[in-house]
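See below for model.txt, which holds compact mmCIF, C-alpha atoms.
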```txt
# COMPACT_ATOMS: atom_id res chain seq x y z
CA MET A 1 -9.63 46.54 -45.03
CA LEU A 2 -11.12 45.52 -48.34
CA GLU A 3 -14.61 46.89 -48.53
CA LEU A 4 -17.26 48.86 -46.67
CA ILE A 5 -20.90 47.92 -47.17
CA GLU A 6 -23.64 50.22 -45.94
CA GLN A 7 -26.29 48.09 -44.23
CA THR A 8 -28.56 50.67 -42.63
CA ALA A 9 -28.27 54.37 -41.82
CA ARG A 10 -26.37 53.45 -38.65
CA THR A 11 -24.58 50.23 -39.52
CA LYS A 12 -21.88 49.25 -41.93
CA SER A 13 -20.25 45.95 -42.69
CA ILE A 14 -16.49 46.04 -42.98
CA VAL A 15 -14.70 43.28 -44.83
CA PHE A 16 -11.12 42.42 -43.92
CA ASP A 17 -8.49 40.24 -45.42
CA VAL A 18 -6.76 38.77 -42.37
CA PRO A 19 -3.51 36.98 -43.15
CA GLY A 20 -2.89 33.97 -40.93
CA TRP A 21 -6.43 33.91 -39.55
CA GLY A 22 -7.29 30.63 -37.87
CA ARG A 23 -10.76 29.26 -38.41
CA HIS A 24 -13.38 30.78 -36.12
CA ARG A 25 -16.67 29.38 -34.92
CA ALA A 26 -19.90 31.10 -35.87
CA GLY A 27 -20.84 33.45 -33.03
CA GLN A 28 -17.34 34.30 -31.82
CA HIS A 29 -15.97 37.82 -31.75
CA VAL A 30 -12.75 39.75 -32.30
CA ASP A 31 -11.04 42.54 -30.43
CA VAL A 32 -10.30 45.60 -32.52
CA ARG A 33 -7.37 47.72 -31.38
CA LEU A 34 -6.70 51.20 -32.71
CA THR A 35 -3.50 53.10 -31.93
CA ALA A 36 -3.09 56.88 -32.24
CA GLU A 37 0.20 58.44 -33.23
CA ASP A 38 1.06 59.27 -29.62
CA GLY A 39 0.58 55.65 -28.61
CA TYR A 40 -2.90 56.06 -27.14
CA GLN A 41 -4.95 52.93 -27.77
CA ALA A 42 -8.63 52.05 -27.78
CA GLN A 43 -10.04 48.52 -27.94
CA ARG A 44 -13.54 47.17 -28.47
CA SER A 45 -15.06 43.78 -29.20
CA TYR A 46 -17.15 43.08 -32.30
CA SER A 47 -18.98 39.93 -33.27
CA ILE A 48 -17.83 38.27 -36.46
CA ALA A 49 -20.57 38.51 -39.08
CA SER A 50 -19.06 36.08 -41.55
CA ALA A 51 -19.23 32.30 -41.45
CA PRO A 52 -16.09 30.23 -40.95
CA GLU A 53 -16.48 29.14 -44.58
CA ASP A 54 -16.46 32.71 -45.92
CA ARG A 55 -13.27 33.84 -47.56
CA HIS A 56 -12.93 37.09 -45.61
CA ILE A 57 -13.66 38.29 -42.11
CA GLU A 58 -16.62 40.62 -41.94
CA LEU A 59 -17.58 42.79 -38.99
CA THR A 60 -20.78 44.81 -38.83
CA VAL A 61 -20.48 47.96 -36.79
CA GLU A 62 -23.27 50.13 -35.45
CA ARG A 63 -22.14 53.73 -35.31
CA ILE A 64 -22.45 55.09 -31.78
CA ASP A 65 -22.33 58.87 -32.18
CA ASP A 66 -20.43 59.61 -28.97
CA GLY A 67 -18.41 56.43 -29.27
CA GLU A 68 -14.69 56.21 -29.76
CA VAL A 69 -14.09 53.22 -32.01
CA SER A 70 -17.30 52.78 -34.02
CA PRO A 71 -17.24 56.29 -35.59
CA TYR A 72 -13.67 55.64 -36.70
CA LEU A 73 -14.54 52.27 -38.23
CA ALA A 74 -17.71 53.55 -39.89
CA ASP A 75 -16.53 56.96 -41.12
CA GLU A 76 -12.75 57.10 -41.26
CA LEU A 77 -11.44 53.68 -42.22
CA LEU A 78 -10.70 53.30 -45.93
CA ALA A 79 -10.09 50.35 -48.18
CA GLY A 80 -6.41 49.47 -47.92
CA ASP A 81 -6.05 50.64 -44.31
CA GLU A 82 -4.75 48.19 -41.76
CA ILE A 83 -6.01 47.78 -38.22
CA GLU A 84 -5.22 45.24 -35.50
CA LEU A 85 -7.66 42.41 -34.93
CA ARG A 86 -7.29 39.77 -32.26
CA GLY A 87 -9.32 36.62 -32.15
CA PRO A 88 -11.34 34.59 -32.45
CA ILE A 89 -12.54 35.11 -28.88
CA GLY A 90 -15.32 33.46 -26.90
CA GLY A 91 -16.79 30.07 -27.51
CA TYR A 92 -19.96 29.66 -25.50
CA PHE A 93 -22.08 31.88 -27.72
CA ALA A 94 -21.05 29.84 -30.76
CA TRP A 95 -22.77 27.25 -32.92
CA GLU A 96 -21.22 24.46 -34.90
CA GLU A 97 -22.92 22.10 -37.27
CA ALA A 98 -23.85 19.07 -35.24
CA PRO A 99 -26.75 16.69 -35.49
CA GLY A 100 -29.30 17.31 -32.82
CA MET A 101 -31.98 19.59 -31.58
CA PRO A 102 -33.39 22.51 -33.54
CA VAL A 103 -31.69 25.88 -33.19
CA PHE A 104 -33.69 29.01 -32.44
CA LEU A 105 -31.96 32.34 -32.98
CA VAL A 106 -33.42 35.55 -31.56
CA GLY A 107 -31.83 38.87 -32.43
CA GLY A 108 -32.64 42.46 -31.51
CA GLY A 109 -31.12 45.32 -33.51
CA SER A 110 -27.42 44.80 -34.14
CA GLY A 111 -27.71 41.61 -32.07
CA ILE A 112 -28.33 39.97 -35.43
CA VAL A 113 -24.60 39.99 -36.24
CA PRO A 114 -23.37 36.75 -34.59
CA LEU A 115 -26.66 35.04 -35.51
CA ARG A 116 -26.09 35.91 -39.15
CA ALA A 117 -22.74 34.14 -38.95
CA MET A 118 -24.54 31.07 -37.59
CA LEU A 119 -27.13 31.18 -40.41
CA ARG A 120 -24.41 31.44 -43.03
CA HIS A 121 -22.53 28.58 -41.39
CA HIS A 122 -25.73 26.54 -41.37
CA ARG A 123 -26.19 27.12 -45.06
CA ALA A 124 -22.54 26.60 -45.98
CA THR A 125 -22.51 23.19 -44.30
CA ASP A 126 -25.88 22.11 -45.79
CA SER A 127 -26.90 21.41 -42.23
CA ALA A 128 -29.97 19.27 -41.66
CA VAL A 129 -30.52 20.82 -38.23
CA PRO A 130 -33.71 22.90 -38.28
CA VAL A 131 -32.85 26.53 -37.66
CA ARG A 132 -35.21 29.48 -37.28
CA LEU A 133 -34.45 33.17 -36.80
CA LEU A 134 -36.68 35.70 -35.10
CA TYR A 135 -35.28 39.17 -35.72
CA SER A 136 -36.64 42.33 -34.15
CA ALA A 137 -35.91 45.72 -35.69
CA ARG A 138 -37.61 49.08 -35.44
CA SER A 139 -38.47 49.35 -39.12
CA LEU A 140 -37.63 47.69 -42.40
CA ASP A 141 -34.93 50.34 -42.93
CA ASP A 142 -33.29 49.19 -39.70
CA VAL A 143 -33.03 45.56 -40.80
CA ILE A 144 -29.36 44.68 -41.16
CA TYR A 145 -28.57 42.17 -43.98
CA ARG A 146 -32.02 42.95 -45.31
CA ASP A 147 -31.49 41.56 -48.80
CA GLU A 148 -29.90 38.39 -47.47
CA LEU A 149 -32.56 37.79 -44.82
CA THR A 150 -35.50 38.44 -47.14
CA ALA A 151 -34.13 36.48 -50.10
CA ALA A 152 -36.10 33.50 -51.36
CA ASP A 153 -33.42 31.11 -50.09
CA ALA A 154 -33.00 32.83 -46.71
CA GLY A 155 -34.50 29.91 -44.83
CA ASP A 156 -36.84 30.17 -41.88
CA VAL A 157 -36.53 33.88 -41.04
CA ARG A 158 -39.27 35.75 -39.19
CA LEU A 159 -39.05 39.51 -38.91
CA THR A 160 -40.86 41.72 -36.44
CA LEU A 161 -40.88 45.50 -36.94
CA THR A 162 -41.66 47.16 -33.66
CA ARG A 163 -42.06 50.85 -34.59
CA ARG A 164 -43.10 51.10 -38.21
CA GLN A 165 -44.31 48.58 -40.74
CA PRO A 166 -44.50 49.22 -44.47
CA ALA A 167 -47.86 48.99 -46.24
CA GLY A 168 -48.82 45.40 -46.89
CA TRP A 169 -46.35 44.06 -44.28
CA THR A 170 -47.06 40.42 -43.58
CA GLY A 171 -44.45 39.86 -40.88
CA TYR A 172 -44.88 40.59 -37.19
CA GLY A 173 -45.30 44.12 -35.93
CA ARG A 174 -44.79 43.84 -32.18
CA ARG A 175 -42.14 43.44 -29.54
CA VAL A 176 -40.73 40.01 -28.83
CA ASP A 177 -42.77 39.11 -25.77
CA ARG A 178 -43.80 35.80 -24.23
CA GLU A 179 -46.65 35.27 -26.68
CA LEU A 180 -44.49 35.88 -29.72
CA VAL A 181 -41.76 33.58 -28.39
CA ALA A 182 -44.39 30.91 -27.74
CA GLU A 183 -45.70 31.31 -31.27
CA VAL A 184 -42.38 31.19 -33.08
CA CYS A 185 -40.12 28.96 -30.96
CA TRP A 186 -40.25 25.19 -30.86
CA PRO A 187 -42.06 23.97 -27.72
CA ALA A 188 -39.85 23.32 -24.69
CA PRO A 189 -40.16 19.50 -24.88
CA GLU A 190 -38.37 19.62 -28.25
CA ARG A 191 -35.41 21.14 -26.40
CA PRO A 192 -34.26 23.70 -28.96
CA LEU A 193 -30.85 25.25 -28.46
CA VAL A 194 -31.50 28.98 -28.23
CA TYR A 195 -29.18 31.90 -28.91
CA VAL A 196 -30.38 35.38 -27.93
CA CYS A 197 -28.39 38.50 -28.76
CA GLY A 198 -29.34 42.15 -28.42
CA PRO A 199 -29.54 45.07 -26.01
CA THR A 200 -29.73 44.12 -22.34
CA GLY A 201 -33.46 44.83 -21.95
CA PHE A 202 -34.30 42.82 -25.06
CA VAL A 203 -32.25 39.81 -23.99
CA GLU A 204 -33.62 39.89 -20.44
CA ALA A 205 -37.18 39.92 -21.80
CA VAL A 206 -36.65 37.13 -24.33
CA ALA A 207 -34.60 34.87 -22.03
CA GLY A 208 -37.13 35.41 -19.24
CA ALA A 209 -39.98 34.52 -21.61
CA LEU A 210 -38.20 31.33 -22.68
CA VAL A 211 -37.63 30.26 -19.06
CA SER A 212 -41.27 30.96 -18.21
CA LEU A 213 -42.31 28.76 -21.16
CA GLY A 214 -40.37 25.86 -19.67
CA HIS A 215 -37.14 26.05 -21.65
CA GLU A 216 -34.10 24.94 -19.67
CA ALA A 217 -31.83 27.83 -18.71
CA ALA A 218 -28.84 25.73 -19.71
CA ARG A 219 -30.11 25.63 -23.32
CA ILE A 220 -30.44 29.40 -23.59
CA ARG A 221 -27.23 31.17 -24.51
CA THR A 222 -27.19 34.93 -24.37
CA GLU A 223 -25.08 37.85 -25.39
CA ARG A 224 -26.06 41.30 -24.14
CA PHE A 225 -24.78 44.73 -24.97
CA GLY A 226 -25.42 48.19 -23.62
CA PRO A 227 -26.47 49.33 -20.17
CA THR A 228 -29.03 47.92 -17.77
CA GLY A 229 -32.52 48.10 -19.19
CA GLY A 230 -31.11 49.24 -22.54
CA GLU A 231 -33.55 50.29 -25.20
CA THR A 232 -35.53 47.60 -26.92
CA PRO A 233 -35.35 47.47 -30.70
CA MET B 1 4.32 45.01 -32.56
CA THR B 2 2.02 47.99 -32.45
CA ARG B 3 0.95 49.77 -35.61
CA ILE B 4 -0.28 53.32 -35.81
CA THR B 5 -3.85 53.37 -37.08
CA ARG B 6 -4.11 55.96 -39.85
CA GLY B 7 -6.49 58.76 -38.97
CA PHE B 8 -7.26 57.55 -35.45
CA HIS B 9 -6.93 60.15 -32.72
CA GLY B 10 -9.10 58.70 -29.97
CA ARG B 11 -11.44 60.46 -27.62
CA ARG B 12 -9.56 60.80 -24.39
CA ARG B 13 -11.71 61.83 -21.49
CA PRO B 14 -10.24 64.85 -19.70
CA ASP B 15 -12.30 64.07 -16.60
CA VAL B 16 -10.68 60.65 -16.07
CA ASP B 17 -7.35 60.12 -14.34
CA PRO B 18 -5.48 57.79 -16.73
CA ALA B 19 -3.61 56.25 -13.79
CA ARG B 20 -6.89 54.67 -12.69
CA VAL B 21 -7.61 53.03 -16.04
CA PRO B 22 -5.84 49.74 -16.83
CA PRO B 23 -4.38 49.24 -20.33
CA GLY B 24 -6.97 48.79 -23.08
CA GLN B 25 -9.89 49.84 -20.88
CA TYR B 26 -12.27 52.79 -21.24
CA VAL B 27 -14.36 54.38 -18.51
CA THR B 28 -18.13 54.15 -18.73
CA GLN B 29 -20.88 55.72 -16.63
CA ASP B 30 -23.24 52.87 -17.54
CA PHE B 31 -23.27 49.53 -15.81
CA PRO B 32 -23.29 47.06 -18.70
CA VAL B 33 -24.72 43.57 -18.16
CA LEU B 34 -22.84 40.54 -19.46
CA SER B 35 -24.19 37.09 -18.69
CA ALA B 36 -23.96 33.84 -20.60
CA GLY B 37 -27.55 32.81 -19.96
CA PRO B 38 -30.88 33.87 -18.49
CA THR B 39 -30.87 35.84 -15.25
CA PRO B 40 -31.83 33.49 -12.37
CA HIS B 41 -34.58 34.72 -10.08
CA GLY B 42 -34.29 32.56 -6.97
CA SER B 43 -36.14 32.94 -3.70
CA LEU B 44 -34.36 34.39 -0.69
CA ASP B 45 -36.11 31.77 1.45
CA THR B 46 -34.03 29.04 -0.13
CA TRP B 47 -30.86 31.09 -0.67
CA SER B 48 -27.76 30.01 1.21
CA PHE B 49 -24.04 30.55 1.02
CA THR B 50 -21.72 27.57 1.54
CA ILE B 51 -18.00 27.08 1.96
CA ARG B 52 -17.15 23.46 1.23
CA GLY B 53 -14.56 21.19 -0.35
CA GLN B 54 -11.20 20.81 1.35
CA VAL B 55 -12.37 22.16 4.71
CA ASP B 56 -12.61 20.74 8.22
CA GLN B 57 -16.36 20.99 7.87
CA PRO B 58 -18.68 22.77 5.44
CA HIS B 59 -20.07 26.11 6.59
CA THR B 60 -23.49 27.30 5.42
CA TRP B 61 -25.34 30.55 6.05
CA THR B 62 -28.99 31.25 5.28
CA PHE B 63 -29.80 34.70 3.88
CA ASP B 64 -30.86 35.90 7.35
CA GLU B 65 -27.73 34.51 8.98
CA PHE B 66 -25.65 36.05 6.24
CA GLN B 67 -27.26 39.45 6.71
CA ALA B 68 -26.46 39.29 10.43
CA LEU B 69 -22.70 39.04 9.77
CA PRO B 70 -20.54 42.16 10.07
CA ARG B 71 -20.82 44.11 6.83
CA GLU B 72 -18.56 46.55 5.08
CA THR B 73 -19.27 49.25 2.53
CA VAL B 74 -16.42 49.73 0.06
CA THR B 75 -15.81 52.00 -2.93
CA ARG B 76 -13.84 50.34 -5.71
CA ASP B 77 -13.07 50.61 -9.42
CA ILE B 78 -14.19 47.61 -11.49
CA HIS B 79 -12.79 46.41 -14.81
CA CYS B 80 -14.58 44.14 -17.28
CA VAL B 81 -12.60 42.11 -19.82
CA THR B 82 -14.96 43.45 -22.52
CA LYS B 83 -13.02 46.72 -22.06
CA TRP B 84 -15.23 48.89 -19.85
CA SER B 85 -14.18 50.12 -16.45
CA LYS B 86 -16.42 51.80 -13.92
CA LEU B 87 -14.88 53.97 -11.24
CA ASP B 88 -15.93 54.52 -7.64
CA THR B 89 -18.60 51.83 -7.48
CA VAL B 90 -20.09 51.42 -4.00
CA TRP B 91 -20.83 47.97 -2.63
CA THR B 92 -21.96 46.55 0.69
CA GLY B 93 -21.29 42.99 1.68
CA VAL B 94 -19.48 40.57 3.91
CA SER B 95 -15.71 40.34 3.67
CA LEU B 96 -14.31 36.96 2.70
CA ASP B 97 -11.94 37.42 5.64
CA THR B 98 -15.00 37.23 7.88
CA LEU B 99 -16.44 34.21 6.07
CA LEU B 100 -13.14 32.33 5.98
CA ASP B 101 -12.35 33.08 9.62
CA GLY B 102 -12.50 29.76 11.46
CA VAL B 103 -12.43 27.67 8.26
CA GLU B 104 -9.58 25.17 8.52
CA THR B 105 -8.12 24.34 5.13
CA SER B 106 -4.91 23.49 3.34
CA ALA B 107 -6.47 24.38 -0.02
CA GLU B 108 -4.75 26.97 -2.19
CA TYR B 109 -7.46 27.42 -4.82
CA VAL B 110 -11.14 28.23 -4.91
CA THR B 111 -13.94 27.59 -7.36
CA ALA B 112 -16.80 30.00 -6.82
CA PHE B 113 -20.13 28.46 -7.90
CA SER B 114 -23.38 30.16 -8.76
CA ASP B 115 -27.04 29.66 -9.52
CA GLY B 116 -27.30 28.84 -13.20
CA GLY B 117 -24.13 26.74 -13.15
CA TYR B 118 -21.53 29.50 -13.58
CA THR B 119 -18.12 28.91 -12.01
CA THR B 120 -14.85 30.80 -11.79
CA ASN B 121 -11.51 29.90 -10.22
CA LEU B 122 -9.18 32.00 -8.09
CA PRO B 123 -6.23 31.51 -5.77
CA LEU B 124 -7.55 31.45 -2.19
CA GLU B 125 -5.00 34.12 -1.34
CA ASP B 126 -6.78 36.60 -3.61
CA LEU B 127 -9.92 36.33 -1.52
CA THR B 128 -8.17 37.35 1.70
CA GLY B 129 -6.54 40.49 3.04
CA GLY B 130 -9.51 42.79 2.55
CA ARG B 131 -9.64 42.20 -1.21
CA ALA B 132 -12.89 40.26 -1.68
CA TRP B 133 -16.49 40.38 -0.51
CA ILE B 134 -19.82 38.70 -0.99
CA ALA B 135 -21.78 41.81 -1.97
CA PHE B 136 -25.54 42.05 -1.65
CA SER B 137 -25.94 45.77 -2.16
CA TYR B 138 -24.87 48.12 -4.93
CA ASP B 139 -25.16 51.90 -4.58
CA ASP B 140 -27.16 51.51 -1.35
CA GLU B 141 -29.81 49.38 -3.06
CA PRO B 142 -30.30 45.61 -2.99
CA LEU B 143 -28.17 44.14 -5.77
CA HIS B 144 -30.31 43.86 -8.91
CA PRO B 145 -30.63 40.33 -10.36
CA GLU B 146 -29.12 41.47 -13.70
CA HIS B 147 -26.00 42.45 -11.80
CA GLY B 148 -25.86 39.24 -9.79
CA GLY B 149 -28.36 39.71 -6.98
CA PRO B 150 -29.19 38.60 -4.41
CA ALA B 151 -25.42 38.32 -3.91
CA ARG B 152 -22.30 38.24 -6.02
CA LEU B 153 -18.64 37.73 -5.38
CA LEU B 154 -16.73 41.02 -5.54
CA VAL B 155 -13.02 40.75 -6.34
CA PRO B 156 -12.32 44.17 -7.86
CA HIS B 157 -8.59 43.68 -8.35
CA LEU B 158 -9.27 41.06 -11.04
CA TYR B 159 -11.32 41.31 -14.26
CA PHE B 160 -14.96 41.32 -13.36
CA TRP B 161 -15.85 37.85 -14.70
CA LYS B 162 -14.06 36.61 -11.57
CA SER B 163 -16.69 38.44 -9.49
CA ALA B 164 -19.24 35.65 -9.99
CA LYS B 165 -22.88 36.77 -10.15
CA TRP B 166 -25.56 34.84 -8.22
CA VAL B 167 -22.83 33.26 -6.13
CA ARG B 168 -23.91 30.47 -3.78
CA GLY B 169 -20.62 29.33 -2.39
CA LEU B 170 -16.96 28.50 -2.61
CA GLU B 171 -15.42 25.10 -3.21
CA LEU B 172 -11.94 25.03 -1.68
CA GLN B 173 -9.66 22.99 -3.92
CA PRO B 174 -6.17 21.51 -3.61
CA GLU B 175 -5.68 21.96 -7.39
CA ASP B 176 -6.51 24.88 -9.67
CA GLU B 177 -9.45 24.03 -11.95
CA PRO B 178 -10.51 26.35 -14.78
CA GLY B 179 -13.98 27.82 -14.35
CA PHE B 180 -16.55 28.67 -17.03
CA TRP B 181 -14.85 31.45 -19.02
CA GLU B 182 -11.38 30.19 -18.12
CA GLY B 183 -12.36 27.03 -20.04
CA TYR B 184 -13.23 29.15 -23.09
CA GLY B 185 -9.82 30.70 -23.45
CA TYR B 186 -9.98 33.55 -20.97
CA HIS B 187 -6.97 34.08 -18.72
CA ASN B 188 -6.68 31.87 -15.69
CA TYR B 189 -5.83 34.72 -13.32
CA GLY B 190 -7.12 37.90 -15.00
CA ASP B 191 -5.13 40.86 -13.66
CA PRO B 192 -6.39 43.96 -15.52
CA TRP B 193 -3.19 45.91 -14.81
CA ARG B 194 -1.18 43.24 -16.63
CA GLU B 195 -3.94 43.00 -19.26
CA GLN B 196 -4.39 39.28 -18.70
CA ARG B 197 -7.50 38.95 -20.84
CA TYR B 198 -6.92 35.68 -22.62
CA ALA B 199 -4.84 32.55 -22.14
CA GLY B 200 -1.24 33.34 -22.95
CA ASP B 201 -1.40 37.05 -22.03
```
Let me see the file written as structure tokens.
Amino acid sequence: MLELIEQTARTKSIVFDVPGWGRHRAGQHVDVRLTAEDGYQAQRSYSIASAPEDRHIELTVERIDDGEVSPYLADELLAGDEIELRGPIGGYFAWEEAPGMPVFLVGGGSGIVPLRAMLRHHRATDSAVPVRLLYSARSLDDVIYRDELTAADAGDVRLTLTRRQPAGWTGYGRRVDRELVAEVCWPAPERPLVYVCGPTGFVEAVAGALVSLGHEAARIRTERFGPTGGETP
Amino acid sequence: MTRITRGFHGRRRPDVDPARVPPGQYVTQDFPVLSAGPTPHGSLDTWSFTIRGQVDQPHTWTFDEFQALPRETVTRDIHCVTKWSKLDTVWTGVSLDTLLDGVETSAEYVTAFSDGGYTTNLPLEDLTGGRAWIAFSYDDEPLHPEHGGPARLLVPHLYFWKSAKWVRGLELQPEDEPGFWEGYGYHNYGDPWREQRYAGD
């Protein structure tokens, strides 16, 4: 582990130097395996936050208070420590630079992580494919990669803050519902490729809205986390 | 080679019998949802279940015909490749032994196919012997669409991606053909007790 970067009160990015790492595709994940002295092991999957072009592998971990692996990664792991990573894993929820239809990314909460890898990949390859991000967080303080996503060169990034908006906020201030999707996404006839990542309830709502707006189910790729009906960021 | 992780002690759950938890899994009370695309919401009026492919003749059941078949309620532990396991889950459905009874085939493999285009492959043998069901009820309630309703394949002895949600039928095949996740590097068979998560495990 090289470096820990505090993103929000609950999330940290962890940068790893991974010898012998093969190139990953933006959107893929890794398995983290921790082993206690008595041999007990715990494994979890984390999306890769860095682009294939980035020099190091970056994970962004949301600390789950009663969790087993995330508190260790967020609070215990120190620069210089070694942990076991396996990957890259997955391949459907992945985007590679390719000429074609626009790409619409929709993230809720820490669902931004694999989408951020796609945005960085898009920029690193000087892609001409139009890409747009709609990112839902509770407040500005909950926006992960806030500096990067609000920078002048961030690209087409739209934020919606569902609980609290700062004074003078010019972004959206509501949940990602059908109307907001209709407003921000390319119309269905333009056949955007859509990636939606977030808590289960968020993804169900957004994917359902896209289908009801006429988008083909086969062009909507989803990644859900948390239990049924999980909280909506 | 396994390395000790400095400062990691783990949070073992005293209430869980470790013998019921396959390697690398943790027990959850939740029922997480993992799906590659939108949840299909089809009508029961047009729902059917079909066994086709290398068979003497295809067999198809409408939802009403399917509901009239002998049903079983089973309690099983389920194991998802994303590491969670859920113990003592209660399902009601039709045994594949019942559905395959009277189907003449020399096929050794099956591709389960679903609404939304999902597929997964299994040896036919793994669907027989009281080890697989088409489940339409979870916890005494109709199976929720997020969890694969109206009906999903239930093969609890394999990782849960093999238990195809929104299942609409089985294609009996002479050759083994990788399904959706199997084509993205997941293990072809997927035995949680041998930790067959990914190709090569």
| task | Pick out the chain B residues within 12 Å of chain A. Count only C-alpha atoms. Give them as a ChimeraX atom specification. | result | /B:1-13,18,21-41,80-84,115-118,144-147,180-187,195,197-199
Dump C-alpha atoms for the selected residues as a short mmCIF file (atom, residue, chain, number, x, y, z; two decimals), in the frame of the given file?
```
data_model
loop_
_atom_site.label_atom_id
_atom_site.label_comp_id
_atom_site.auth_asym_id
_atom_site.auth_seq_id
_atom_site.Cartn_x
_atom_site.Cartn_y
_atom_site.Cartn_z
CA MET B 1 4.32 45.01 -32.56
CA THR B 2 2.02 47.99 -32.45
CA ARG B 3 0.95 49.77 -35.61
CA ILE B 4 -0.28 53.32 -35.81
CA THR B 5 -3.85 53.37 -37.08
CA ARG B 6 -4.11 55.96 -39.85
CA GLY B 7 -6.49 58.76 -38.97
CA PHE B 8 -7.26 57.55 -35.45
CA HIS B 9 -6.93 60.15 -32.72
CA GLY B 10 -9.10 58.70 -29.97
CA ARG B 11 -11.44 60.46 -27.62
CA ARG B 12 -9.56 60.80 -24.39
CA ARG B 13 -11.71 61.83 -21.49
CA PRO B 18 -5.48 57.79 -16.73
CA VAL B 21 -7.61 53.03 -16.04
CA PRO B 22 -5.84 49.74 -16.83
CA PRO B 23 -4.38 49.24 -20.33
CA GLY B 24 -6.97 48.79 -23.08
CA GLN B 25 -9.89 49.84 -20.88
CA TYR B 26 -12.27 52.79 -21.24
CA VAL B 27 -14.36 54.38 -18.51
CA THR B 28 -18.13 54.15 -18.73
CA GLN B 29 -20.88 55.72 -16.63
CA ASP B 30 -23.24 52.87 -17.54
CA PHE B 31 -23.27 49.53 -15.81
CA PRO B 32 -23.29 47.06 -18.70
CA VAL B 33 -24.72 43.57 -18.16
CA LEU B 34 -22.84 40.54 -19.46
CA SER B 35 -24.19 37.09 -18.69
CA ALA B 36 -23.96 33.84 -20.60
CA GLY B 37 -27.55 32.81 -19.96
CA PRO B 38 -30.88 33.87 -18.49
CA THR B 39 -30.87 35.84 -15.25
CA PRO B 40 -31.83 33.49 -12.37
CA HIS B 41 -34.58 34.72 -10.08
CA CYS B 80 -14.58 44.14 -17.28
CA VAL B 81 -12.60 42.11 -19.82
CA THR B 82 -14.96 43.45 -22.52
CA LYS B 83 -13.02 46.72 -22.06
CA TRP B 84 -15.23 48.89 -19.85
CA ASP B 115 -27.04 29.66 -9.52
CA GLY B 116 -27.30 28.84 -13.20
CA GLY B 117 -24.13 26.74 -13.15
CA TYR B 118 -21.53 29.50 -13.58
CA HIS B 144 -30.31 43.86 -8.91
CA PRO B 145 -30.63 40.33 -10.36
CA GLU B 146 -29.12 41.47 -13.70
CA HIS B 147 -26.00 42.45 -11.80
CA PHE B 180 -16.55 28.67 -17.03
CA TRP B 181 -14.85 31.45 -19.02
CA GLU B 182 -11.38 30.19 -18.12
CA GLY B 183 -12.36 27.03 -20.04
CA TYR B 184 -13.23 29.15 -23.09
CA GLY B 185 -9.82 30.70 -23.45
CA TYR B 186 -9.98 33.55 -20.97
CA HIS B 187 -6.97 34.08 -18.72
CA GLU B 195 -3.94 43.00 -19.26
CA ARG B 197 -7.50 38.95 -20.84
CA TYR B 198 -6.92 35.68 -22.62
CA ALA B 199 -4.84 32.55 -22.14
#
```
| note | In Å and to one decimal, atom CA of Leu122 of chain B is distant from atom CA of Tyr189 of chain B by 6.8 Å
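When atom CA of Leu119 of chain A is paired with atom CA of Ser136 of chain A, their separation reads 15.9 Å.
If you measure from each of B:Gly53, B:Pro174, B:Pro123, B:Gly200 to Lys162 of chain B using only C-alpha atoms, the closest one turns out to be B:Pro123.
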| request: Could you give me, as a list in words, the residues within 12 Å of Gln67 of chain B, counting all atoms listed in the file and dropping anything in the same chain fewer than 2 positions from it? | output: Leu44, Trp47, Ser48, Phe49, Trp61, Thr62, Phe63, Asp64, Glu65, Leu69, Pro70, Arg71, Glu72, Thr92, Gly93, Val94, Ser95, Ile134, Ala135, Phe136, Ser137, Pro142, Pro150 and Ala151 of chain B
Keeping only C-alpha atoms, write those residues as a PDB file, keeping the file's coordinate frame.
```pdb
ATOM      1  CA  LEU B  44     -34.360  34.390  -0.690  1.00  0.00           C
ATOM      2  CA  TRP B  47     -30.860  31.090  -0.670  1.00  0.00           C
ATOM      3  CA  SER B  48     -27.760  30.010   1.210  1.00  0.00           C
ATOM      4  CA  PHE B  49     -24.040  30.550   1.020  1.00  0.00           C
ATOM      5  CA  TRP B  61     -25.340  30.550   6.050  1.00  0.00           C
ATOM      6  CA  THR B  62     -28.990  31.250   5.280  1.00  0.00           C
ATOM      7  CA  PHE B  63     -29.800  34.700   3.880  1.00  0.00           C
ATOM      8  CA  ASP B  64     -30.860  35.900   7.350  1.00  0.00           C
ATOM      9  CA  GLU B  65     -27.730  34.510   8.980  1.00  0.00           C
ATOM     10  CA  LEU B  69     -22.700  39.040   9.770  1.00  0.00           C
ATOM     11  CA  PRO B  70     -20.540  42.160  10.070  1.00  0.00           C
ATOM     12  CA  ARG B  71     -20.820  44.110   6.830  1.00  0.00           C
ATOM     13  CA  GLU B  72     -18.560  46.550   5.080  1.00  0.00           C
ATOM     14  CA  THR B  92     -21.960  46.550   0.690  1.00  0.00           C
ATOM     15  CA  GLY B  93     -21.290  42.990   1.680  1.00  0.00           C
ATOM     16  CA  VAL B  94     -19.480  40.570   3.910  1.00  0.00           C
ATOM     17  CA  SER B  95     -15.710  40.340   3.670  1.00  0.00           C
ATOM     18  CA  ILE B 134     -19.820  38.700  -0.990  1.00  0.00           C
ATOM     19  CA  ALA B 135     -21.780  41.810  -1.970  1.00  0.00           C
ATOM     20  CA  PHE B 136     -25.540  42.050  -1.650  1.00  0.00           C
ATOM     21  CA  SER B 137     -25.940  45.770  -2.160  1.00  0.00           C
ATOM     22  CA  PRO B 142     -30.300  45.610  -2.990  1.00  0.00           C
ATOM     23  CA  PRO B 150     -29.190  38.600  -4.410  1.00  0.00           C
ATOM     24  CA  ALA B 151     -25.420  38.320  -3.910  1.00  0.00           C
TER      25      ALA B 151
END
```
